[in-house]
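K.L.:
Can you read through this structure? Questions will come right after.
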Amino acid sequence: MPDTEQDGADGRPSGPQRPKFLITIDVEEDNAWARRADVRTENAKAMPRFQELCDTFGLKPTYLTNYPMAKSPAFREFGRDVLRRGRGEIGMHLHAWNTPPEHRLTDNDPANHPYLIEYPEPVIRAMVGTMTDVLTEAFGERPVSHRAGRWAFNATYARVLLEYGYKIDCSVTPHVSWRGHMGDPGGRGGSDYTEFPKKAYFVDLEEISRPGPSGLLEVPMTIMRSRNRLANMLRTRFAPGSLPRRAVEKLSPELNWFRPNGTNLKQLRAVLARAVKEDRGYVELMLHSSELMPGGSPKSRTNDDMDRLYSELRELYSLAVDSFEGATLREYREAFGSR
């Protein structure tokens with residue numbers, strides 16, 4: 001007999017049939033795109049404004065936290081308050097170039113940003129262990145959710161996560177290959193997810209692109225191919241990287257990421273509508289913590305940029321709560337497993 005939806009305290013439908021609105025924040029140092037050797041964590045002071053907006057709409061972010069931010073007193077205080085109030089989750093995000101134990105892979109790791117999957121397996125295991133211990137000590141509970149630094153994931157990494165008690169990964173970016181994005185200059189580039197599932201699945205530890213019997217739930221990032229027929233036709237006529245192709249891409253991106261930037265509300269609204277129509281079960285929004293601070297990223301330089309981003313987030317949240325229910329990754333895993 002199917003579950004019956006019931007009204008929540010806000011009068012909107014609630015219950016197991018409601019898709020989940022997942023907010024994942026990569027909590028990392030200021031402007032990591034600059035690839036500086038010195039690490040700053042001033043963006044921790046910008047987090048309360050974001051959390052307050054999420055609280056207003058009953059949404060629960062999952063803060064996927066890397067080593068420098070886990071050591072930040074300001075972020076520790078913020079994260080403990082979020083957990084105490086039950087308004088979010090702290091998970092793990094690992095940047096191999098600034099996580100102990102130090103293991104130099106290239107001639108300049110802070111500039112090259114090598115992928116963790118390029119390191120020897122004992123180093124992968126040691127860094128995951130460091131992050132798990134640091135987060136557990138900082139926030140009083142063992143993390144169970146994870147996203148890989150620079151979206152780089154493989155079967156070895158998945159097995160190590162399970163060894164340390166992780167239950168959810170969200171590193172997969174459907175339709176996207178990172179092969180052309182180098183870590184180690186002498187390596188093979190990042191992970192290729194072009195043939196991976198678009199919906200959540202328990203991974204096969206022999207081949208993580210297919211469902212299997214492990215206890216690790218993969219929750220792929222929400223990325224949808226454009227349905228703009230004219231733009232898709234024009235893309236086939238112009239060479240990648242050419243001026244006409246770049247113009248088409250700017251007007252109508254081939255891939256619609258569920259990543260607010262203050263200028264893409266129309267795209268985000270379309271993603272929400274398709275997720276409901278296609279019964280995807282969730283949408284997964286992604287931001288970097290440094291994008292919430294003026295000067296923290298290439299796209300968030302000024303206070304005006306921040307105002308545009310927050311205006312867009314408010315409109316997006318207002319729309320989303322009519323059809324979606326807020327959840328952390330841990331909560332989504334519990335609901336998914338119960339099915």
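We name chains A, B, ... following the order of the structure tokens; residues begin at 1 in each chain, and ligands are numbered from 1 as shown.
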Excluding same-chain residues fewer than 6 positions from range 52-60 of chain A, what lies within 12 Å of it counting only C-alpha atoms, as number ranges by chain?

P.N.:
A: 8-10, 12, 20-25, 46, 78, 81-83, 85-90, 284-285, 309-322, 324-332

K.L.:
I need the residues of range 51-136 of chain A that end up classed as strand (DSSP E) by DSSP on the backbone, written out as a list in words.

P.N.:
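DSSP-assigned strand (DSSP E) residues in range 51-136 of chain A: Pro61, Thr62, Tyr63, Leu64, Thr65, Glu89, Ile90, Gly91, Met92, His93 and Leu94 of chain A.
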
K.L.:
Write the residues of the preceding selection, restricted to N, CA and C atoms, as a CSV table (one decimal), in the first residue's frame.

P.N.:
chain,number,residue,atom,x,y,z
A,61,PRO,N,21.9,22.5,5.3
A,61,PRO,CA,23.1,22.3,4.5
A,61,PRO,C,24.0,21.1,5.1
A,62,THR,N,24.7,20.5,4.2
A,62,THR,CA,25.8,19.6,4.6
A,62,THR,C,27.1,20.3,4.3
A,63,TYR,N,27.9,20.6,5.3
A,63,TYR,CA,29.1,21.3,5.2
A,63,TYR,C,30.3,20.4,5.1
A,64,LEU,N,30.7,20.2,3.9
A,64,LEU,CA,31.8,19.2,3.6
A,64,LEU,C,33.1,19.9,3.8
A,65,THR,N,33.8,19.6,4.8
A,65,THR,CA,34.9,20.5,5.4
A,65,THR,C,36.3,19.9,5.2
A,89,GLU,N,24.7,19.4,8.8
A,89,GLU,CA,25.6,18.3,9.0
A,89,GLU,C,27.0,18.7,8.7
A,90,ILE,N,27.9,18.1,9.3
A,90,ILE,CA,29.4,18.3,9.0
A,90,ILE,C,29.9,17.0,8.4
A,91,GLY,N,30.4,17.1,7.1
A,91,GLY,CA,31.0,16.0,6.5
A,91,GLY,C,32.4,16.3,6.1
A,92,MET,N,33.0,15.5,5.3
A,92,MET,CA,34.4,15.6,4.9
A,92,MET,C,34.7,16.0,3.5
A,93,HIS,N,35.6,16.9,3.3
A,93,HIS,CA,36.1,17.3,1.9
A,93,HIS,C,37.6,17.3,2.0
A,94,LEU,N,38.3,16.7,1.1
A,94,LEU,CA,39.8,16.5,1.3
A,94,LEU,C,40.5,17.1,0.1

K.L.:
Excluding same-chain residues fewer than 2 positions from His95 in chain A, what lies within 7 Å of it counting only C-alpha atoms, as JSON, numbers by chain?

P.N.:
{"A": [66, 93, 97, 98, 99, 149]}

K.L.:
Please build the interface table for range 158-239 of chain A against range 275-280 of chain A with a cut-off of 9 Å, listing for each qualifying residue the nearest atom pair and the distance in Å to one decimal; count only C-alpha atoms, order rows by chain and increasing number, and write it as a tab-separated table.

P.N.:
residue	atom	partner	partner_atom	distance
A:Lys198	CA	A:Arg280	CA	8.6
A:Lys199	CA	A:Arg280	CA	6.5
A:Ala200	CA	A:Arg280	CA	8.7
A:Thr222	CA	A:Ala275	CA	8.9

K.L.:
Could you state the separation of CA of Ala148 in chain A and CA of Leu255 in chain A in Å, given to one decimal place?

P.N.:
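So the answer is 20.8 Å.
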
K.L.:
If you take only C-alpha atoms and a cut-off of 7 Å, which residues of range 5-90 of chain A touch range 135-142 of chain A, and what are their nearest atom pairs and distances in Å to one decimal, in chain and number order, as CSV?

P.N.:
residue,atom,partner,partner_atom,distance
A:Ala70,CA,A:Leu135,CA,6.3
A:Arg76,CA,A:Ala138,CA,6.4
A:Arg80,CA,A:Phe139,CA,5.8

K.L.:
Please identify the alpha helix (DSSP H) residues within range 72-222 of chain A (assignment by DSSP from backbone atoms) and present them as a ChimeraX atom specification.

P.N.:
/A:73-84,109-112,121-139,155-163

K.L.:
Just give me the gap between CA of Phe202 in chain A and CA of Gly215 in chain A in Å, one decimal is fine.

P.N.:
6.4 Å

K.L.:
Just want the 10 Å neighbourhood of Asp107 in chain A, counted on only C-alpha atoms, with same-chain residues fewer than 4 positions away dropped. Output as JSON, numbers by chain.

P.N.:
{"A": [111, 112, 184, 185]}

K.L.:
Those same residues, written as a PDB file, in the first residue's frame with N, CA and C atoms?

P.N.:
ATOM      1  N   ALA A 111      50.497  24.669  -5.900  1.00  0.00           N
ATOM      2  CA  ALA A 111      50.156  25.268  -7.190  1.00  0.00           C
ATOM      3  C   ALA A 111      49.501  24.269  -8.128  1.00  0.00           C
ATOM      4  N   ASN A 112      49.910  23.005  -8.066  1.00  0.00           N
ATOM      5  CA  ASN A 112      49.392  22.001  -8.997  1.00  0.00           C
ATOM      6  C   ASN A 112      48.079  21.378  -8.546  1.00  0.00           C
ATOM      7  N   ASP A 184      48.685  16.216 -10.919  1.00  0.00           N
ATOM      8  CA  ASP A 184      50.093  15.962 -11.220  1.00  0.00           C
ATOM      9  C   ASP A 184      50.308  16.228 -12.710  1.00  0.00           C
ATOM     10  N   PRO A 185      51.217  17.155 -13.073  1.00  0.00           N
ATOM     11  CA  PRO A 185      51.430  17.456 -14.499  1.00  0.00           C
ATOM     12  C   PRO A 185      51.816  16.244 -15.319  1.00  0.00           C
TER      13      PRO A 185
END

K.L.:
Please indicate the distance in Å from CA of Met47 in chain A to CA of Val219 in chain A, rounded to one decimal place.

P.N.:
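Interatomic distance, CA of Met47 in chain A to CA of Val219 in chain A: 23.9 Å.
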
K.L.:
Would you kindly return, as a list in words, each protein, DNA or RNA residue with an atom no farther than 10 Å from any atom of Gly295 in chain A, considering only C-alpha atoms and excluding same-chain residues fewer than 4 positions away?

P.N.:
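These residues fall inside the cut-off: Asp30, Asn31, Asn43, Ser290, Glu291, Lys299, Ser300, Arg301, Thr302, Asn303, Asp305 and Met306 of chain A.
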
K.L.:
Those same residues - C-alpha atoms - I'd like them written as an mmCIF file, in the first residue's frame.

P.N.:
data_model
loop_
_atom_site.group_PDB
_atom_site.id
_atom_site.type_symbol
_atom_site.label_atom_id
_atom_site.label_comp_id
_atom_site.auth_asym_id
_atom_site.auth_seq_id
_atom_site.Cartn_x
_atom_site.Cartn_y
_atom_site.Cartn_z
ATOM 1 C CA ASP A 30 39.618 31.464 0.803
ATOM 2 C CA ASN A 31 39.902 31.598 -2.986
ATOM 3 C CA ASN A 43 35.257 32.930 4.847
ATOM 4 C CA SER A 290 34.499 31.004 -0.085
ATOM 5 C CA GLU A 291 31.863 31.998 -2.663
ATOM 6 C CA LYS A 299 32.816 35.037 -9.098
ATOM 7 C CA SER A 300 32.231 36.711 -5.744
ATOM 8 C CA ARG A 301 34.431 39.772 -5.747
ATOM 9 C CA THR A 302 32.232 42.512 -4.292
ATOM 10 C CA ASN A 303 29.363 43.141 -1.894
ATOM 11 C CA ASP A 305 28.027 40.119 -6.081
ATOM 12 C CA MET A 306 26.994 38.834 -2.663
#

K.L.:
Ranking A:Ser145, A:Asn108, A:Thr156, A:Gln51 by minimum distance to Ile124 in chain A and counting only C-alpha atoms, which one comes first?

P.N.:
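Among A:Ser145, A:Asn108, A:Thr156, A:Gln51, it is A:Thr156 that comes nearest to Ile124 in chain A.
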
K.L.:
Write out as JSON, numbers by chain the residues lying within 7 Å of Val172 in chain A, counting only C-alpha atoms and excluding same-chain residues fewer than 6 positions away.

P.N.:
{"A": [151, 193, 220, 221]}
